[in-house]
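Visitor: Contents are compact mmCIF, C-alpha atoms and all ligand atoms; file name my_file-v3.txt:
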# COMPACT_ATOMS: atom_id res chain seq x y z
CA MET A 1 15.21 107.23 -123.30
CA SER A 2 17.88 105.16 -124.99
CA THR A 3 19.19 102.09 -123.25
CA GLU A 4 22.67 102.16 -124.73
CA SER A 5 24.59 104.14 -122.19
CA PRO A 6 24.88 102.71 -118.67
CA HIS A 7 25.03 106.31 -117.48
CA VAL A 8 22.14 108.74 -117.58
CA LEU A 9 24.62 111.52 -116.88
CA GLU A 10 28.35 111.90 -117.36
CA VAL A 11 30.37 114.94 -116.45
CA ARG A 12 33.87 114.82 -117.93
CA ARG A 13 36.66 117.05 -116.63
CA LEU A 14 34.18 119.85 -116.08
CA THR A 15 35.41 123.28 -115.09
CA VAL A 16 33.01 126.18 -114.66
CA SER A 17 34.21 129.71 -113.89
CA TYR A 18 32.44 132.96 -113.14
CA HIS A 19 34.51 135.77 -114.67
CA GLY A 20 37.73 133.84 -114.17
CA SER A 21 36.91 132.62 -110.67
CA VAL A 22 36.67 128.83 -110.67
CA ALA A 23 33.53 127.38 -109.02
CA VAL A 24 33.73 123.81 -110.39
CA ASP A 25 37.25 122.54 -110.87
CA ASP A 26 38.00 119.64 -113.23
CA VAL A 27 35.21 117.34 -111.98
CA THR A 28 34.54 113.94 -113.53
CA LEU A 29 31.60 111.82 -112.39
CA GLN A 30 28.82 109.58 -113.68
CA VAL A 31 25.26 108.89 -112.61
CA ARG A 32 24.21 105.38 -113.49
CA ARG A 33 20.79 104.31 -114.63
CA GLY A 34 18.51 104.08 -111.60
CA GLU A 35 21.08 105.61 -109.29
CA ILE A 36 20.97 108.60 -106.98
CA LEU A 37 24.32 110.31 -106.61
CA ALA A 38 24.56 112.85 -103.80
CA LEU A 39 26.81 115.87 -104.17
CA LEU A 40 27.86 116.61 -100.62
CA GLY A 41 29.77 119.78 -99.82
CA PRO A 42 29.61 122.89 -97.68
CA SER A 43 28.01 126.08 -98.92
CA GLY A 44 30.03 127.56 -101.77
CA SER A 45 31.64 124.26 -102.81
CA GLY A 46 30.14 124.40 -106.31
CA LYS A 47 27.09 122.14 -106.04
CA SER A 48 24.58 124.57 -107.56
CA THR A 49 27.02 125.58 -110.28
CA LEU A 50 27.51 121.94 -111.27
CA LEU A 51 23.74 121.31 -111.36
CA SER A 52 23.12 124.49 -113.36
CA THR A 53 25.68 123.41 -115.93
CA VAL A 54 24.08 119.98 -116.27
CA ALA A 55 20.65 121.62 -116.63
CA GLY A 56 21.95 124.00 -119.29
CA PHE A 57 21.69 127.29 -117.43
CA LEU A 58 25.48 127.77 -117.47
CA PRO A 59 28.01 126.79 -120.15
CA PRO A 60 31.12 124.74 -119.30
CA THR A 61 34.36 126.72 -119.27
CA ARG A 62 36.12 123.45 -120.04
CA GLY A 63 35.01 119.84 -120.19
CA GLU A 64 31.84 118.08 -121.24
CA VAL A 65 28.35 117.10 -120.11
CA TRP A 66 26.78 113.93 -121.54
CA LEU A 67 23.14 112.93 -121.03
CA ASP A 68 22.11 109.39 -121.86
CA GLY A 69 25.21 108.88 -123.98
CA ARG A 70 24.74 112.15 -125.88
CA LEU A 71 27.09 115.14 -125.69
CA VAL A 72 24.97 118.15 -124.68
CA ALA A 73 27.58 120.67 -123.58
CA SER A 74 31.23 121.39 -124.16
CA GLU A 75 33.45 124.46 -124.52
CA GLU A 76 32.25 124.81 -128.12
CA GLN A 77 28.53 124.29 -127.88
CA ALA A 78 25.77 123.89 -125.33
CA GLU A 79 22.21 122.74 -125.90
CA PRO A 80 19.54 124.92 -124.30
CA PRO A 81 17.83 123.59 -121.14
CA GLU A 82 14.57 122.75 -122.92
CA ARG A 83 16.36 120.31 -125.24
CA ARG A 84 17.80 118.37 -122.29
CA ASP A 85 15.91 115.49 -120.75
CA VAL A 86 16.33 116.72 -117.19
CA ALA A 87 13.91 117.78 -114.47
CA VAL A 88 15.16 120.34 -112.03
CA VAL A 89 14.15 121.13 -108.46
CA PHE A 90 16.00 124.24 -107.36
CA GLN A 91 15.82 126.07 -104.06
CA SER A 92 13.74 128.75 -105.74
CA TYR A 93 10.78 127.08 -107.32
CA ALA A 94 10.10 129.69 -110.00
CA LEU A 95 6.41 128.91 -110.29
CA TRP A 96 4.36 130.59 -112.98
CA PRO A 97 2.33 133.27 -111.18
CA HIS A 98 -0.76 132.90 -113.35
CA LEU A 99 -1.12 129.11 -113.07
CA SER A 100 -2.94 127.22 -110.33
CA ALA A 101 -1.08 124.43 -108.53
CA LEU A 102 -3.07 121.88 -110.51
CA ASP A 103 -2.29 123.45 -113.89
CA THR A 104 1.36 123.84 -112.94
CA VAL A 105 1.72 120.14 -112.22
CA ALA A 106 -0.52 119.05 -115.13
CA TYR A 107 1.52 121.04 -117.65
CA PRO A 108 4.49 118.67 -117.98
CA ILE A 109 2.09 115.71 -118.13
CA ARG A 110 0.15 117.31 -121.01
CA ARG A 111 3.43 118.01 -122.78
CA ARG A 112 4.06 114.29 -122.80
CA GLY A 113 0.89 113.93 -124.85
CA SER A 114 -1.67 113.01 -122.19
CA THR A 115 -5.24 114.25 -122.49
CA ARG A 116 -6.25 117.18 -120.37
CA ARG A 117 -8.35 114.92 -118.18
CA THR A 118 -5.61 112.36 -117.58
CA ALA A 119 -3.07 115.09 -116.91
CA ARG A 120 -5.31 116.72 -114.30
CA ARG A 121 -6.05 113.41 -112.64
CA GLU A 122 -2.35 112.48 -112.44
CA ALA A 123 -1.47 115.97 -111.23
CA LEU A 124 -4.07 115.85 -108.49
CA ASP A 125 -2.76 112.47 -107.46
CA ILE A 126 0.76 113.84 -107.01
CA LEU A 127 -0.53 116.91 -105.14
CA ASP A 128 -2.55 114.63 -102.86
CA ARG A 129 0.48 112.50 -102.07
CA LEU A 130 2.38 115.65 -101.12
CA ARG A 131 -0.67 116.65 -99.01
CA ILE A 132 -1.61 119.78 -100.93
CA GLY A 133 -4.47 118.33 -103.00
CA HIS A 134 -6.87 120.70 -101.25
CA LEU A 135 -4.86 123.68 -102.55
CA ALA A 136 -5.02 122.56 -106.19
CA ASP A 137 -6.88 125.65 -107.39
CA ARG A 138 -4.63 128.22 -105.75
CA ARG A 139 -2.01 130.32 -107.50
CA PRO A 140 1.50 130.88 -106.05
CA ALA A 141 0.52 134.22 -104.46
CA GLU A 142 -2.12 132.37 -102.44
CA LEU A 143 0.31 129.73 -101.14
CA SER A 144 2.86 129.79 -98.30
CA GLY A 145 6.56 129.32 -99.06
CA GLY A 146 6.44 125.68 -97.96
CA GLU A 147 3.35 125.01 -100.09
CA GLN A 148 4.99 126.61 -103.11
CA GLN A 149 7.98 124.35 -102.58
CA ARG A 150 5.70 121.30 -102.62
CA VAL A 151 4.13 122.48 -105.87
CA GLY A 152 7.65 122.81 -107.30
CA LEU A 153 8.46 119.27 -106.20
CA ALA A 154 5.18 117.96 -107.61
CA ARG A 155 5.93 119.62 -110.95
CA ALA A 156 9.38 118.02 -111.07
CA LEU A 157 7.93 114.62 -110.21
CA ALA A 158 5.34 115.04 -112.96
CA ARG A 159 8.11 115.38 -115.52
CA GLN A 160 9.34 112.04 -116.74
CA ALA A 161 12.96 112.82 -117.30
CA SER A 162 15.96 110.54 -117.42
CA VAL A 163 17.81 112.73 -114.93
CA TYR A 164 16.43 114.57 -111.91
CA LEU A 165 18.53 117.36 -110.45
CA PHE A 166 17.87 118.43 -106.89
CA ASP A 167 19.38 121.46 -105.23
CA GLU A 168 18.78 120.96 -101.50
CA PRO A 169 15.11 120.29 -102.20
CA THR A 170 14.20 118.95 -98.78
CA ALA A 171 15.90 121.69 -96.78
CA HIS A 172 12.64 123.13 -95.46
CA LEU A 173 10.29 120.20 -95.85
CA ASP A 174 8.53 118.58 -92.95
CA THR A 175 9.40 114.97 -92.28
CA HIS A 176 6.25 113.55 -93.81
CA VAL A 177 6.55 115.36 -97.15
CA ARG A 178 10.23 114.57 -97.25
CA GLY A 179 9.45 110.88 -96.81
CA VAL A 180 6.76 110.93 -99.51
CA PHE A 181 9.07 112.75 -101.86
CA LEU A 182 11.95 110.32 -101.33
CA ASP A 183 9.59 107.34 -101.77
CA GLU A 184 8.41 108.84 -105.07
CA MET A 185 12.00 109.08 -106.23
CA VAL A 186 12.59 105.41 -105.44
CA VAL A 187 9.48 104.34 -107.37
CA ARG A 188 10.45 106.48 -110.35
CA ARG A 189 13.98 105.29 -110.68
CA GLU A 190 12.93 101.68 -110.34
CA ALA A 191 10.17 102.09 -112.90
CA SER A 192 12.01 104.10 -115.53
CA GLY A 193 15.72 103.85 -114.73
CA ALA A 194 15.89 107.58 -114.16
CA GLY A 195 18.92 108.83 -112.26
CA GLY A 196 19.24 111.65 -109.78
CA LEU A 197 21.94 114.12 -108.85
CA TYR A 198 21.13 115.41 -105.40
CA ALA A 199 22.99 118.38 -103.92
CA THR A 200 23.03 118.82 -100.16
CA HIS A 201 25.28 120.05 -97.36
CA ASP A 202 23.62 117.61 -94.94
CA ALA A 203 25.76 114.49 -94.50
CA GLU A 204 23.04 112.43 -92.87
CA GLU A 205 20.68 113.16 -95.73
CA ALA A 206 23.31 112.35 -98.37
CA LEU A 207 24.40 109.11 -96.71
CA GLY A 208 20.79 108.08 -96.08
CA LEU A 209 19.34 108.54 -99.54
CA ALA A 210 22.12 108.17 -102.09
CA ASP A 211 23.59 105.09 -103.73
CA ARG A 212 26.90 106.90 -104.01
CA VAL A 213 28.21 110.15 -102.63
CA ALA A 214 30.59 112.67 -104.22
CA LEU A 215 32.41 114.97 -101.79
CA LEU A 216 33.05 118.48 -103.13
CA ASN A 217 35.50 120.91 -101.58
CA ALA A 218 36.01 124.32 -103.21
CA GLY A 219 34.85 122.98 -106.57
CA ARG A 220 37.05 119.89 -106.49
CA LEU A 221 35.94 116.28 -106.21
CA VAL A 222 37.66 114.94 -103.12
CA GLN A 223 36.16 111.45 -102.99
CA LEU A 224 33.46 109.39 -104.65
CA GLY A 225 32.14 106.21 -103.11
CA THR A 226 29.23 104.43 -101.48
CA PRO A 227 27.85 106.02 -98.30
CA GLN A 228 29.59 103.29 -96.30
CA GLN A 229 32.92 103.98 -98.01
CA VAL A 230 32.94 107.72 -97.53
CA TYR A 231 31.84 107.31 -93.91
CA ALA A 232 34.16 104.49 -92.91
CA GLU A 233 37.11 105.25 -95.17
CA PRO A 234 37.19 108.99 -95.84
CA ALA A 235 40.03 110.30 -97.98
CA ASP A 236 41.37 112.82 -95.50
CA VAL A 237 40.60 114.77 -92.35
CA TRP A 238 38.37 117.22 -94.24
CA ALA A 239 36.31 114.38 -95.77
CA ALA A 240 36.07 112.67 -92.37
CA ARG A 241 34.64 115.79 -90.72
CA LEU A 242 32.25 116.47 -93.61
CA THR A 243 30.70 113.01 -93.53
CA GLY A 244 29.88 112.73 -89.82
CA PRO A 245 31.06 113.10 -86.26
CA ALA A 246 34.79 112.49 -86.28
CA SER A 247 37.42 112.29 -83.57
CA VAL A 248 40.93 112.56 -84.93
CA LEU A 249 43.72 111.19 -82.72
CA ASP A 250 47.40 111.67 -83.19
CA VAL A 251 48.96 108.18 -83.14
CA ALA A 252 51.84 106.16 -84.52
CA VAL A 253 50.89 103.27 -86.79
CA THR A 254 53.26 100.41 -86.04
CA ASP A 255 51.89 97.80 -88.40
CA ALA A 256 49.32 97.71 -91.17
CA GLY A 257 48.02 95.25 -93.70
CA GLY A 258 45.54 92.48 -94.29
CA GLY A 259 42.57 94.57 -93.23
CA ARG A 260 44.00 95.43 -89.82
CA CYS A 261 46.33 97.98 -88.40
CA THR A 262 48.18 98.28 -85.14
CA VAL A 263 48.52 101.65 -83.52
CA ASP A 264 50.48 102.84 -80.54
CA LEU A 265 48.05 104.59 -78.21
CA GLN A 266 49.32 105.69 -74.82
CA GLY A 267 52.09 103.14 -75.07
CA GLN A 268 49.59 100.33 -75.71
CA LEU A 269 49.71 98.54 -79.01
CA ILE A 270 46.18 98.08 -80.25
CA THR A 271 45.23 96.16 -83.34
CA VAL A 272 41.93 97.18 -84.91
CA GLU A 273 40.00 96.81 -88.11
CA GLY A 274 41.03 99.44 -90.60
CA PRO A 275 43.36 98.67 -93.45
CA ALA A 276 45.81 101.25 -94.69
CA ALA A 277 48.89 101.25 -96.84
CA THR A 278 50.34 103.71 -94.39
CA VAL A 279 53.98 104.52 -93.98
CA GLN A 280 54.61 102.65 -90.78
CA HIS A 281 56.04 104.12 -87.60
CA ARG A 282 54.85 107.48 -88.75
CA SER A 283 52.52 109.62 -86.79
CA VAL A 284 49.17 109.77 -88.58
CA PRO A 285 45.77 111.26 -87.89
CA LEU A 286 43.59 108.34 -86.79
CA LEU A 287 39.85 108.65 -87.41
CA VAL A 288 37.53 107.28 -84.72
CA ARG A 289 33.77 107.45 -85.34
CA PRO A 290 31.51 107.59 -82.26
CA GLY A 291 30.57 103.92 -82.63
CA TRP A 292 34.14 102.71 -83.09
CA ALA A 293 35.17 103.05 -79.44
CA ARG A 294 33.53 101.92 -76.22
CA LEU A 295 33.88 102.50 -72.52
CA GLY A 296 35.80 99.89 -70.59
CA GLY A 297 39.06 98.31 -71.65
CA GLU A 298 42.75 99.00 -71.61
CA LEU A 299 43.02 102.74 -72.33
CA ARG A 300 42.72 105.57 -69.84
CA GLY A 301 41.01 108.89 -70.16
CA ARG A 302 38.95 111.49 -68.37
CA LEU A 303 35.38 112.42 -69.25
CA ARG A 304 35.23 116.01 -70.42
CA ALA A 305 31.49 115.99 -71.05
CA VAL A 306 28.54 113.62 -71.02
CA SER A 307 25.32 114.25 -72.96
CA PHE A 308 22.14 112.23 -72.78
CA ARG A 309 20.59 112.17 -76.27
CA GLY A 310 17.56 109.93 -75.81
CA PRO A 311 18.36 106.65 -77.55
CA HIS A 312 22.06 107.04 -76.79
CA SER A 313 24.55 108.97 -74.68
CA ASP A 314 27.66 110.79 -75.88
CA TYR A 315 30.86 110.72 -73.86
CA LEU A 316 33.66 113.09 -74.75
CA VAL A 317 36.83 111.48 -73.44
CA GLU A 318 40.06 113.42 -73.06
CA THR A 319 43.13 111.31 -73.82
CA PRO A 320 46.81 112.13 -74.34
CA ALA A 321 46.31 111.54 -78.08
CA GLY A 322 43.33 113.89 -78.34
CA GLU A 323 39.62 113.90 -77.58
CA VAL A 324 37.43 110.94 -78.53
CA LEU A 325 33.66 111.02 -78.81
CA ILE A 326 32.18 107.68 -77.73
CA ARG A 327 28.50 106.93 -78.33
CA GLU A 328 26.71 104.16 -76.46
CA VAL A 329 23.04 103.20 -76.25
CA GLY A 330 21.21 103.96 -73.03
CA PRO A 331 21.41 106.67 -70.39
CA PRO A 332 24.79 107.92 -69.09
CA ARG A 333 26.77 105.48 -66.99
CA HIS A 334 29.33 108.07 -65.86
CA ALA A 335 29.48 111.75 -64.98
CA ALA A 336 31.75 114.47 -66.34
CA GLU A 337 35.23 114.56 -64.75
CA ASP A 338 35.16 110.79 -64.02
CA ASP A 339 38.29 108.85 -64.89
CA VAL A 340 37.26 106.15 -67.35
CA ALA A 341 38.68 103.22 -69.22
CA TRP A 342 37.96 102.92 -72.93
CA THR A 343 38.99 100.97 -75.98
CA LEU A 344 38.96 101.13 -79.74
CA THR A 345 37.07 98.63 -81.88
CA ARG A 346 37.81 100.14 -85.26
CA ALA A 347 39.88 103.00 -86.64
CA TRP A 348 40.88 104.50 -89.95
CA PRO A 349 44.30 106.05 -90.43
CA LEU A 350 43.82 109.20 -92.51
CA GLY A 351 46.16 110.55 -95.07
CA GLY A 352 48.07 107.31 -95.57
CA GLU A 353 45.99 106.07 -98.41
CA PRO A 354 44.73 108.62 -100.91
CA GLY A 355 40.94 108.64 -101.16
CA ARG A 356 39.43 106.37 -103.73
CA LEU A 357 38.55 108.64 -106.55
CA ALA A 358 37.02 106.02 -108.72
CA ASP A 359 34.47 103.28 -108.60
CA GLU A 360 36.96 100.77 -107.29
CA GLY A 361 36.37 98.87 -104.16
CA VAL A 362 33.30 97.87 -102.26
CA ALA A 363 30.10 97.82 -104.27
CA GLY A 364 31.37 100.70 -106.39
P1 LIG B 401 27.03 125.69 -103.45
O1 LIG B 401 25.84 125.35 -104.29
O2 LIG B 401 27.85 124.48 -103.09
O3 LIG B 401 26.69 126.52 -102.26
P2 LIG B 401 27.75 127.47 -105.62
O4 LIG B 401 27.84 126.65 -106.85
O5 LIG B 401 26.53 128.28 -105.41
O6 LIG B 401 28.04 126.56 -104.33
O7 LIG B 401 29.00 128.46 -105.59
C1 LIG B 401 30.31 128.04 -105.88
C2 LIG B 401 31.24 129.27 -105.92
O8 LIG B 401 30.89 130.09 -107.03
C3 LIG B 401 31.14 130.14 -104.69
O9 LIG B 401 32.40 130.64 -104.41
C4 LIG B 401 30.20 131.25 -105.13
O10 LIG B 401 30.48 132.43 -104.43
C5 LIG B 401 30.53 131.38 -106.59
N1 LIG B 401 29.37 131.85 -107.39
C6 LIG B 401 28.16 131.25 -107.45
N2 LIG B 401 27.32 131.91 -108.30
C7 LIG B 401 28.04 132.95 -108.78
C8 LIG B 401 27.75 134.01 -109.71
N3 LIG B 401 26.56 134.10 -110.32
N4 LIG B 401 28.75 134.90 -109.98
C9 LIG B 401 29.96 134.79 -109.39
N5 LIG B 401 30.29 133.82 -108.52
C10 LIG B 401 29.37 132.91 -108.21
Show how you would write the structure in this file as structure tokens.
Ligand code: ADP

Guide:
Amino acid sequence: MSTESPHVLEVRRLTVSYHGSVAVDDVTLQVRRGEILALLGPSGSGKSTLLSTVAGFLPPTRGEVWLDGRLVASEEQAEPPERRDVAVVFQSYALWPHLSALDTVAYPIRRRGSTRRTARREALDILDRLRIGHLADRRPAELSGGEQQRVGLARALARQASVYLFDEPTAHLDTHVRGVFLDEMVVRREASGAGGLYATHDAEEALGLADRVALLNAGRLVQLGTPQQVYAEPADVWAARLTGPASVLDVAVTDAGGGRCTVDLQGQLITVEGPAATVQHRSVPLLVRPGWARLGGELRGRLRAVSFRGPHSDYLVETPAGEVLIREVGPPRHAAEDDVAWTLTRAWPLGGEPGRLADEGVAG
């Protein structure tokens, strides 16, 4: 792979339509060398369509796809998938019915020029790590769905591409295989500078594994930032709900600036962390994550529900400004219907500041 471009993948103003209906709408994003970018969006938001266009299975309606600094697809021309240096793991694994697991995984290694013996040894090694080494001689018809998926993953890992595309690949994997697979990805990107574009609808997965996260809503890029950014400073109410548990209170912001903002909650002025260039004295939706509020303090509320969740307990507190979910470690300290005191430690006014659509800001 060339070392000129800092990006293994660039998508520029990409629009993809199916018979006039737009599935990917004017999306621009880059995957840097050694980076995993998660595409996070609900079902139907255009994740698979975007991946298929990068892989070469669909042509752009408008816009461009660049791989390693090379234009591979535009409105005018599109290189076929086999000419693109990408490895794809789709939900359907499309295994060759006549090949054993071992031959399936050895194939891409042989194509790189390895001897048959080396290829088989490397392939067996990958199958072993995914715990299906003992099934190496079986064909797809003799494997369960989960085992076929592991063979598909092993085959993708055996490819040494500059970009790996994943379409919800860990959706049905057990925790162990998922861990092994994610470890393999880390090793690979560190060793070769490969990048990954990882589509998922699971916020925890996206925030946990990606270097940066792109939020897709109905084909449009809503926000792009580090996991911490999209979690702590989501662009709007939709982005806040997509990226994790979110309570949204209706408050007036009375002062903002310098990394803090003051909000009027139940007649109490509370200054918390959470910068925003908000129009002051205006009512705004205020995001509160479960860890940004705690029981005890100056505000009043009533417990609507209490749930013990093992390591922590969840308290749903009803307040005049709306319901707040508070999460604290340990078993419940209160029962439902109790009157409780609570306070905010952090908050993020939504809608005041447009979401950061670029690589500006923290560790971008
Ligand atoms: P996701 O992967 O996020 O679930 P998709 O890329 O599969 O989303 O779908 C995006 C939109 O494009 C959806 O509205 C879907 O119904 C539509 N779509 C996907 N594939 C086709 C197709 N082959 N023909 C027509 N519409 C499609």

Visitor: In Å, rounded to a single decimal, give me how far atom CA of Leu303 of chain A is from atom CA of Val253 of chain A.

Guide: 25.1 Å

Visitor: List the neighbours of Leu135 of chain A out to 9 Å using only C-alpha atoms; skip same-chain residues closer than 2 positions along the sequence, and give me the result as a ChimeraX atom specification.

Guide: /A:100-102,127,131-133,137-139,143,147

Visitor: Could you tell me, counting all atoms listed in the file, which protein and nucleic acid residues lie no more than 10 Å from ligand LIG 401 (chain B), written as an MDAnalysis selection string?

Guide: chainID A and resid 16:24 39:53 58 167:168 199:201 216:219

Visitor: Here is a test: counting only C-alpha atoms, which residue of A:Gly196, A:Pro140, A:Pro108, A:Gly257 is nearest to Ala156 of chain A?

Guide: A:Pro108

Visitor: Between atom CA of Gln228 of chain A and atom CA of Arg33 of chain A, what is the spacing in Å?

Guide: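 Result for atom CA of Arg33 of chain A versus atom CA of Gln228 of chain A: 20.4 Å, one decimal.
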